[in-house]
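Colleague: Below is the file model.txt, with compact mmCIF, C-alpha atoms.
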```
# COMPACT_ATOMS: atom_id res chain seq x y z
CA MET U 606 263.31 56.86 162.73
CA GLU U 607 260.50 55.97 165.12
CA THR U 608 257.68 54.44 163.10
CA GLY U 609 255.66 52.90 165.90
CA ILE U 610 255.72 49.64 163.99
CA THR U 611 257.28 46.65 165.71
CA GLN U 612 259.56 44.66 163.44
CA ASN U 613 259.27 40.89 163.60
CA ASN U 614 261.74 38.23 162.59
CA HIS U 615 259.48 36.45 160.14
CA SER U 616 260.99 36.42 156.70
CA LEU U 617 259.00 35.97 153.52
CA PRO U 618 259.25 32.70 151.65
CA ARG U 619 261.51 32.80 148.60
CA LEU U 620 260.61 32.25 144.97
CA GLY U 621 262.19 29.17 143.49
CA GLN U 622 262.52 27.42 146.85
CA PRO U 623 260.34 24.69 148.38
CA ALA U 624 257.15 26.15 149.84
CA PRO U 625 256.97 25.87 153.64
CA LEU U 626 255.31 22.63 154.72
CA PHE U 627 252.19 22.62 156.86
CA GLU U 628 249.55 20.37 158.37
CA VAL U 629 246.34 22.22 159.16
CA GLU U 630 242.66 21.95 159.94
CA THR U 631 240.52 23.06 157.02
CA THR U 632 236.89 23.02 156.00
CA HIS U 633 237.78 19.83 154.07
CA GLY U 634 239.49 18.10 156.97
CA THR U 635 243.16 17.91 157.96
CA LEU U 636 245.38 18.74 155.00
CA ARG U 637 249.11 18.79 154.43
CA LEU U 638 250.91 20.71 151.72
CA GLU U 639 252.13 17.41 150.29
CA ASP U 640 248.51 16.33 149.74
CA PHE U 641 248.56 18.74 146.78
CA GLN U 642 251.69 17.20 145.25
CA GLY U 643 251.27 16.72 141.51
CA SER U 644 248.84 19.66 141.24
CA TRP U 645 249.47 23.36 141.10
CA LEU U 646 248.21 25.10 144.23
CA VAL U 647 247.01 28.67 144.69
CA LEU U 648 247.19 29.32 148.43
CA PHE U 649 245.64 32.63 149.36
CA SER U 650 244.87 34.45 152.57
CA HIS U 651 242.09 36.89 153.38
CA PRO U 652 241.78 39.19 156.40
CA ALA U 653 238.62 37.80 158.00
CA ASP U 654 235.42 35.86 157.44
CA PHE U 655 232.14 37.76 157.15
CA THR U 656 233.76 40.88 155.69
CA PRO U 657 232.61 42.45 152.41
CA VAL U 658 235.77 42.61 150.28
CA CYS U 659 236.71 39.07 151.29
CA THR U 660 233.24 37.89 150.37
CA THR U 661 233.59 39.36 146.87
CA GLU U 662 236.98 37.65 146.56
CA PHE U 663 235.63 34.26 147.66
CA VAL U 664 232.82 34.52 145.11
CA ALA U 665 235.37 35.48 142.43
CA PHE U 666 237.74 32.64 143.31
CA ALA U 667 234.85 30.16 143.35
CA GLU U 668 233.83 31.36 139.88
CA LEU U 669 237.43 31.00 138.71
CA ALA U 670 237.79 27.47 140.11
CA PRO U 671 236.53 25.60 136.99
CA GLU U 672 239.08 27.39 134.76
CA LEU U 673 241.82 26.64 137.27
CA LYS U 674 240.72 23.00 137.44
CA LYS U 675 241.20 22.72 133.66
CA ARG U 676 244.79 23.81 134.23
CA GLY U 677 245.40 21.32 137.06
CA VAL U 678 245.27 24.00 139.75
CA GLU U 679 243.72 23.63 143.22
CA LEU U 680 242.70 26.55 145.42
CA CYS U 681 243.06 26.82 149.18
CA GLY U 682 242.03 29.81 151.30
CA LEU U 683 243.28 30.84 154.73
CA SER U 684 242.51 33.27 157.51
CA ILE U 685 243.00 33.55 161.24
CA ASP U 686 239.49 32.30 161.95
CA SER U 687 238.12 29.01 163.24
CA THR U 688 236.81 26.16 161.12
CA PHE U 689 233.36 26.88 162.54
CA SER U 690 233.55 30.49 161.37
CA HIS U 691 234.72 29.36 157.92
CA ILE U 692 231.86 26.85 157.67
CA ALA U 693 229.29 29.46 158.71
CA TRP U 694 230.71 31.98 156.24
CA VAL U 695 230.84 29.69 153.19
CA ARG U 696 227.28 28.59 153.96
CA ASN U 697 226.29 32.24 154.25
CA ILE U 698 227.92 33.02 150.88
CA GLU U 699 226.00 30.18 149.25
CA LYS U 700 222.75 31.41 150.83
CA ASN U 701 223.19 35.10 149.98
CA PHE U 702 225.11 34.96 146.71
CA GLY U 703 224.19 31.54 145.33
CA VAL U 704 227.83 30.52 145.02
CA LYS U 705 229.17 27.30 146.52
CA ILE U 706 232.76 27.53 147.72
CA PRO U 707 234.45 24.43 146.29
CA PHE U 708 237.89 24.81 147.86
CA PRO U 709 239.14 24.19 151.41
CA VAL U 710 239.74 27.06 153.81
CA ILE U 711 242.51 26.79 156.40
CA ALA U 712 241.64 27.68 159.99
CA ASP U 713 244.96 29.22 161.03
CA LEU U 714 244.00 30.30 164.53
CA ASN U 715 247.54 29.91 165.87
CA LYS U 716 248.92 31.88 162.88
CA GLU U 717 251.34 29.05 162.11
CA VAL U 718 250.94 29.08 158.33
CA ALA U 719 250.47 32.85 158.26
CA SER U 720 253.85 33.23 159.95
CA LEU U 721 255.58 30.65 157.74
CA TYR U 722 254.39 32.44 154.61
CA GLY U 723 254.75 36.01 155.84
CA MET U 724 251.04 36.75 155.51
CA ILE U 725 250.77 39.13 158.45
CA MET U 726 251.81 42.71 157.79
CA PRO U 727 251.90 44.38 161.22
CA GLY U 728 251.78 47.80 159.63
CA GLU U 729 248.32 46.92 158.33
CA SER U 730 247.04 44.59 161.04
CA LYS U 731 248.59 42.41 163.71
CA THR U 732 245.55 40.17 163.96
CA GLU U 733 244.59 39.62 160.33
CA THR U 734 246.33 38.22 157.28
CA SER U 735 246.75 40.57 154.34
CA ARG U 736 245.59 39.53 150.87
CA CYS U 737 248.54 37.28 150.03
CA LEU U 738 248.59 34.72 147.26
CA PHE U 739 251.17 32.02 146.59
CA VAL U 740 251.45 29.86 143.49
CA ILE U 741 253.08 26.51 144.29
CA ASP U 742 253.95 24.15 141.46
CA PRO U 743 253.34 20.37 141.31
CA ASN U 744 256.80 19.77 142.81
CA GLY U 745 256.10 21.98 145.83
CA ILE U 746 258.25 24.87 144.61
CA LEU U 747 257.04 28.41 145.28
CA ARG U 748 256.73 30.02 141.86
CA ALA U 749 254.94 33.32 142.44
CA MET U 750 253.71 35.59 145.21
CA ILE U 751 251.21 38.45 145.09
CA TYR U 752 250.55 40.77 148.02
CA TYR U 753 247.56 43.11 148.16
CA PRO U 754 246.58 45.38 151.05
CA LEU U 755 243.50 44.88 153.20
CA SER U 756 241.60 47.54 151.28
CA THR U 757 241.97 46.17 147.75
CA GLY U 758 240.29 43.08 146.39
CA ARG U 759 242.35 40.96 144.01
CA ASN U 760 241.92 40.57 140.26
CA THR U 761 241.32 36.86 139.74
CA GLN U 762 241.82 37.16 135.97
CA GLU U 763 245.40 38.21 136.73
CA VAL U 764 245.79 35.05 138.80
CA LEU U 765 244.64 33.01 135.80
CA ARG U 766 246.99 34.92 133.51
CA LEU U 767 249.85 34.26 135.92
CA ILE U 768 249.11 30.53 135.95
CA ASP U 769 248.94 30.46 132.14
CA ALA U 770 252.27 32.28 131.94
CA LEU U 771 254.01 29.95 134.40
CA GLN U 772 252.69 26.86 132.66
CA ALA U 773 253.73 28.25 129.24
CA THR U 774 257.20 28.89 130.63
CA ASP U 775 257.47 25.33 131.91
CA LYS U 776 256.13 23.80 128.69
CA HIS U 777 258.11 25.83 126.16
CA GLY U 778 261.17 27.13 128.08
CA ILE U 779 260.26 30.73 127.30
CA ALA U 780 259.44 33.94 129.14
CA THR U 781 256.35 36.09 128.75
CA PRO U 782 256.29 39.83 128.06
CA ALA U 783 254.28 42.54 129.80
CA ASN U 784 250.53 42.04 129.58
CA TRP U 785 251.02 38.69 127.81
CA LYS U 786 248.00 36.49 127.41
CA PRO U 787 247.64 33.04 125.84
CA GLY U 788 247.97 33.28 122.06
CA ASP U 789 250.37 36.22 122.16
CA LYS U 790 253.98 35.81 121.10
CA VAL U 791 256.46 34.91 123.84
CA ILE U 792 260.01 35.98 124.60
CA VAL U 793 262.87 33.71 123.63
CA PRO U 794 265.43 33.80 126.47
CA PRO U 795 268.39 35.95 125.37
CA PRO U 796 271.72 34.33 124.53
CA ARG U 797 274.45 34.50 127.16
CA THR U 798 277.53 34.48 124.93
CA THR U 799 278.75 36.63 122.05
CA GLU U 800 278.69 33.54 119.85
CA GLY U 801 275.09 32.94 120.88
CA ALA U 802 274.26 36.58 120.09
CA GLU U 803 275.65 36.18 116.57
CA GLU U 804 273.69 32.99 116.06
CA ARG U 805 270.51 34.56 117.41
CA MET U 806 270.45 37.10 114.60
CA GLN U 807 270.21 34.19 112.11
CA ALA U 808 267.91 31.98 114.17
CA GLY U 809 264.65 32.75 112.39
CA PHE U 810 262.83 34.30 115.32
CA GLU U 811 261.11 37.67 115.16
CA THR U 812 264.22 39.52 116.33
CA LYS U 813 264.56 43.25 117.10
CA ASP U 814 268.10 42.82 118.28
CA TRP U 815 270.28 40.00 119.60
CA TYR U 816 268.70 40.20 123.09
CA PHE U 817 265.08 40.68 122.00
CA SER U 818 263.47 37.82 120.11
CA ARG U 819 259.89 36.69 120.06
CA LYS U 820 258.12 33.65 118.69
CA ALA U 821 254.69 32.07 118.64
CA VAL U 822 254.06 28.94 120.70
CA MET K 109 230.41 1.40 165.99
CA LEU K 110 233.87 2.31 164.81
CA PRO K 111 236.52 3.90 166.99
CA ALA K 112 236.70 7.62 166.24
CA ALA K 113 240.06 8.66 164.85
CA GLU K 114 241.88 11.32 166.84
CA PRO K 115 242.53 14.44 164.76
CA ALA K 116 246.18 15.05 163.99
CA GLY K 117 247.69 17.78 166.12
CA SER K 118 244.55 18.30 168.18
CA ALA K 119 243.68 17.52 171.77
CA GLU K 120 239.95 17.62 171.02
CA LYS K 121 239.17 13.93 170.86
CA GLU K 122 235.44 14.45 170.31
CA MET K 123 235.94 16.60 167.23
CA ASP K 124 234.41 15.46 163.96
CA MET K 125 236.84 14.53 161.23
CA ALA K 126 236.27 14.77 157.51
CA CYS K 127 235.72 11.02 157.19
CA ILE K 128 234.67 9.87 160.64
CA ASN K 129 232.57 11.77 163.16
CA ALA K 130 232.86 11.77 166.94
CA SER K 131 230.35 8.92 167.11
CA GLY K 132 232.55 6.81 164.89
CA GLU K 133 230.23 7.00 161.88
CA ILE K 134 231.73 7.55 158.44
CA SER K 135 230.73 10.42 156.18
CA GLU K 136 229.15 10.04 152.76
CA SER K 137 232.41 10.97 151.05
CA ALA K 138 234.26 8.37 153.13
CA ARG K 139 231.69 5.78 152.10
CA GLN K 140 232.26 6.65 148.44
CA ILE K 141 236.02 6.40 148.89
CA LEU K 142 235.81 3.03 150.66
CA ALA K 143 233.41 1.74 147.99
CA ALA K 144 235.91 2.72 145.29
CA MET K 145 238.63 0.62 146.93
CA LEU K 146 236.87 -2.72 147.42
CA GLU K 147 239.52 -3.91 145.00
CA ALA K 148 242.97 -2.40 145.52
CA ALA K 149 243.24 0.82 143.55
CA PRO K 150 245.72 3.67 143.12
CA LEU K 151 244.62 6.96 144.68
CA THR K 152 244.31 8.64 141.28
CA GLN K 153 241.74 6.01 140.31
CA VAL K 154 239.86 6.53 143.59
CA ALA K 155 239.80 10.27 142.91
CA ALA K 156 238.50 9.76 139.38
CA GLN K 157 235.84 7.31 140.51
CA THR K 158 234.55 9.44 143.39
CA GLY K 159 234.94 12.81 141.69
CA LEU K 160 236.82 14.07 144.73
CA PRO K 161 240.12 15.96 144.35
CA LEU K 162 243.27 13.94 144.91
CA TYR K 163 244.25 16.02 147.95
CA ARG K 164 240.99 14.97 149.65
CA ILE K 165 241.73 11.32 148.91
CA ARG K 166 245.25 11.56 150.35
CA SER K 167 243.93 13.25 153.48
CA ALA K 168 241.16 10.67 153.80
CA MET K 169 243.66 7.80 153.60
CA ARG K 170 245.37 9.05 156.75
CA GLU K 171 242.07 9.04 158.63
CA LEU K 172 240.73 5.82 157.21
CA SER K 173 243.96 3.89 157.74
CA GLU K 174 244.27 5.20 161.30
CA ALA K 175 240.75 3.92 161.96
CA GLY K 176 241.59 0.56 160.39
CA LEU K 177 239.19 1.03 157.48
CA ALA K 178 241.78 1.11 154.68
CA VAL K 179 245.28 -0.26 154.15
CA GLU K 180 248.01 0.18 151.58
CA SER K 181 248.03 -2.67 149.11
CA GLY K 182 250.69 -2.94 146.44
CA ASP K 183 250.70 0.28 144.45
CA GLY K 184 247.36 1.38 145.83
CA TRP K 185 244.95 1.21 148.74
CA LYS K 186 242.24 -1.25 149.71
CA THR K 187 239.22 -1.22 151.99
CA THR K 188 239.57 -3.55 154.97
CA GLU K 189 236.89 -5.90 156.27
CA THR K 190 236.11 -3.31 158.95
CA GLY K 191 235.78 -0.73 156.18
CA ARG K 192 233.38 -2.96 154.24
CA ASN K 193 231.23 -3.30 157.36
CA ALA K 194 231.28 0.49 157.81
CA ILE K 195 229.98 1.01 154.27
CA GLU K 196 227.00 -1.21 154.96
CA ARG K 197 226.06 0.76 158.07
CA VAL K 198 225.76 4.08 156.23
CA PRO K 199 222.70 5.05 154.20
CA THR K 200 223.72 5.62 150.60
CA GLY K 201 221.37 8.57 150.16
CA ALA K 202 220.10 6.95 146.97
```
How does the structure come out when it is put into structure tokens?
Modeller:
Amino acid sequence: METGITQNNHSLPRLGQPAPLFEVETTHGTLRLEDFQGSWLVLFSHPADFTPVCTTEFVAFAELAPELKKRGVELCGLSIDSTFSHIAWVRNIEKNFGVKIPFPVIADLNKEVASLYGMIMPGESKTETSRCLFVIDPNGILRAMIYYPLSTGRNTQEVLRLIDALQATDKHGIATPANWKPGDKVIVPPPRTTEGAEERMQAGFETKDWYFSRKAV
Amino acid sequence: MLPAAEPAGSAEKEMDMACINASGEISESARQILAAMLEAAPLTQVAAQTGLPLYRIRSAMRELSEAGLAVESGDGWKTTETGRNAIERVPTGA
């Protein structure tokens, strides 16, 4: 079928694998991915500086930054704009909205990082990054990806919920159910043997059936 | 005046860096970092003392060491004599 859309060979990064390395110019100087080692990193792209939806997102991410900091999470933005454009835009946001942008913004003019992370969706735009977001853990492993179209601003509370869920998983060895939030009961991973299934029924969890157990953490 | 560090991966030798500008002068954040390492200190301690995120400190170490203002020392980093002189040339803003 002729779609008029040119396919490219860029693949998306994979969950559970090391996040692609980079060294880039940012509004906070030259940064490498490994500079964030030991912290969680939320790397997110936006289509362009000085655009309205992106401005609302930057304000929202800046307001979220203190909560993320409490959880050991750094933020880093990216678009295919120059450092000078980024600087002018974040200054403009502070002037017009009273919000200081505390995180670095990558100037990915050569689309190097955008290509590595599969941030460009040619069906939407060949010259802008879509609203992509990557959660990278303290060991540099890609743990989550969220992709939104150009037209839809992201829900930063969902980003926070995602971070809380990932950190709860790492801390307690559990999974989290739909719409989970901190304080809710979590899912105990199901047993993988018939013997384990028998034991699960006696294990003292809140158990609906052998494969569905919940507990508080 | 200090030699300006060349930005990694860039041909623009006159470009300002985060720590050192094209005139070879250090930034206020670089001054704070250098001041926090007069005695050898691990980067986590430098981050805590300056209030800057650890990723900024790691990035700064590449610039400052390239310019001869900081060196690795044991388990941490230390400001060099050139770095001490650079601190004194910058207004503290106090």
Colleague: Pick from K:Ile141, K:Ala149, K:Ile165, K:Val154: nearest to Gly191 in chain K, with only C-alpha atoms counted?
Modeller: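 Under the stated criterion, the closest residue is K:Ile141.
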Colleague: Using all atoms listed in the file, which chain U residues lie at most 9 Å away from chain K, written as a PyMOL selection string?
Modeller: chain U and resi 628-630+632-642+644+679
Colleague: Within 10 Å of Leu767 in chain U, counting only C-alpha atoms, which residues qualify if same-chain residues fewer than 2 places away don't, as a list in words?
Modeller: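 Listing them by chain and then by number gives Val740, Ala749, Thr761, Gln762, Glu763, Val764, Leu765, Asp769, Ala770, Leu771, Gln772, Ala773, Thr781, Trp785 and Lys786 of chain U.
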Colleague: Applying 12 Å and all atoms listed in the file, which residues near Leu177 in chain K remain after dropping the ones on its own chain fewer than 3 positions away? List them as a PyMOL selection string.
Modeller: chain K and resi 110-113+127-128+132-134+138-139+141-143+145-146+168-174+180+185-195
Colleague: Convert the current residue selection to file output with C-alpha atoms, as a compact mmCIF listing (two decimals), in the frame of the given file.
Modeller:
```txt
# COMPACT_ATOMS: atom_id res chain seq x y z
CA LEU K 110 233.87 2.31 164.81
CA PRO K 111 236.52 3.90 166.99
CA ALA K 112 236.70 7.62 166.24
CA ALA K 113 240.06 8.66 164.85
CA CYS K 127 235.72 11.02 157.19
CA ILE K 128 234.67 9.87 160.64
CA GLY K 132 232.55 6.81 164.89
CA GLU K 133 230.23 7.00 161.88
CA ILE K 134 231.73 7.55 158.44
CA ALA K 138 234.26 8.37 153.13
CA ARG K 139 231.69 5.78 152.10
CA ILE K 141 236.02 6.40 148.89
CA LEU K 142 235.81 3.03 150.66
CA ALA K 143 233.41 1.74 147.99
CA MET K 145 238.63 0.62 146.93
CA LEU K 146 236.87 -2.72 147.42
CA ALA K 168 241.16 10.67 153.80
CA MET K 169 243.66 7.80 153.60
CA ARG K 170 245.37 9.05 156.75
CA GLU K 171 242.07 9.04 158.63
CA LEU K 172 240.73 5.82 157.21
CA SER K 173 243.96 3.89 157.74
CA GLU K 174 244.27 5.20 161.30
CA GLU K 180 248.01 0.18 151.58
CA TRP K 185 244.95 1.21 148.74
CA LYS K 186 242.24 -1.25 149.71
CA THR K 187 239.22 -1.22 151.99
CA THR K 188 239.57 -3.55 154.97
CA GLU K 189 236.89 -5.90 156.27
CA THR K 190 236.11 -3.31 158.95
CA GLY K 191 235.78 -0.73 156.18
CA ARG K 192 233.38 -2.96 154.24
CA ASN K 193 231.23 -3.30 157.36
CA ALA K 194 231.28 0.49 157.81
CA ILE K 195 229.98 1.01 154.27
```
Colleague: Provide the CA of Pro787 in chain U to CA of Glu668 in chain U distance in Å, to one decimal place.
Modeller: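 Taking CA of Pro787 in chain U as the start and CA of Glu668 in chain U as the end point, the length is 19.8 Å.
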Colleague: For Gln140 in chain K, find every residue with an atom within 7 Å (counting only C-alpha atoms), except residues of its own chain fewer than 4 positions away, and show them as a PyMOL selection string.
Modeller: chain K and resi 136+144+158
Colleague: Would you list the contacts of Met750 in chain U as a list in words, taking every protein, DNA or RNA residue within 9 Å and counting only C-alpha atoms, but skipping same-chain residues closer than 4 positions in sequence?
Modeller: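 Here the qualifying residues turn out to be Pro618, Arg619, Leu620, Cys737, Leu738, Phe739 and Val740 of chain U.
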Colleague: Rounded to one decimal place, report the CA of Ile706 in chain U-CA of Phe663 in chain U distance in Å.
Modeller: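 Going from CA of Ile706 in chain U over to CA of Phe663 in chain U covers 7.3 Å.
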Colleague: Which polymer residues have any atom within 8 Å of an atom of Pro794 in chain U, counting only C-alpha atoms, with same-chain residues fewer than 6 positions away left out, as an mmCIF file with C-alpha atoms, keeping the file's coordinate frame?
Modeller:
```cif
data_model
loop_
_atom_site.group_PDB
_atom_site.id
_atom_site.type_symbol
_atom_site.label_atom_id
_atom_site.label_comp_id
_atom_site.auth_asym_id
_atom_site.auth_seq_id
_atom_site.Cartn_x
_atom_site.Cartn_y
_atom_site.Cartn_z
ATOM 1 C CA ILE U 779 260.260 30.730 127.300
ATOM 2 C CA ALA U 780 259.440 33.940 129.140
ATOM 3 C CA TYR U 816 268.700 40.200 123.090
ATOM 4 C CA SER U 818 263.470 37.820 120.110
#
```
Colleague: Report, in Å with one decimal, the straight-line distance from CA of Leu680 in chain U to CA of Thr774 in chain U.
Modeller: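 Atom-to-atom, CA of Leu680 in chain U to CA of Thr774 in chain U, that is 20.8 Å.
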Colleague: Quick one: 4 Å padding each side, axis-aligned, all listed atoms of range 679-693 of chain U - centre and edge lengths in Å to one decimal, as AutoDock Vina command-line options?
Modeller:
```
--center_x 236.5 --center_y 28.6 --center_z 153.2 --size_x 22.4 --size_y 17.9 --size_z 28.0
```
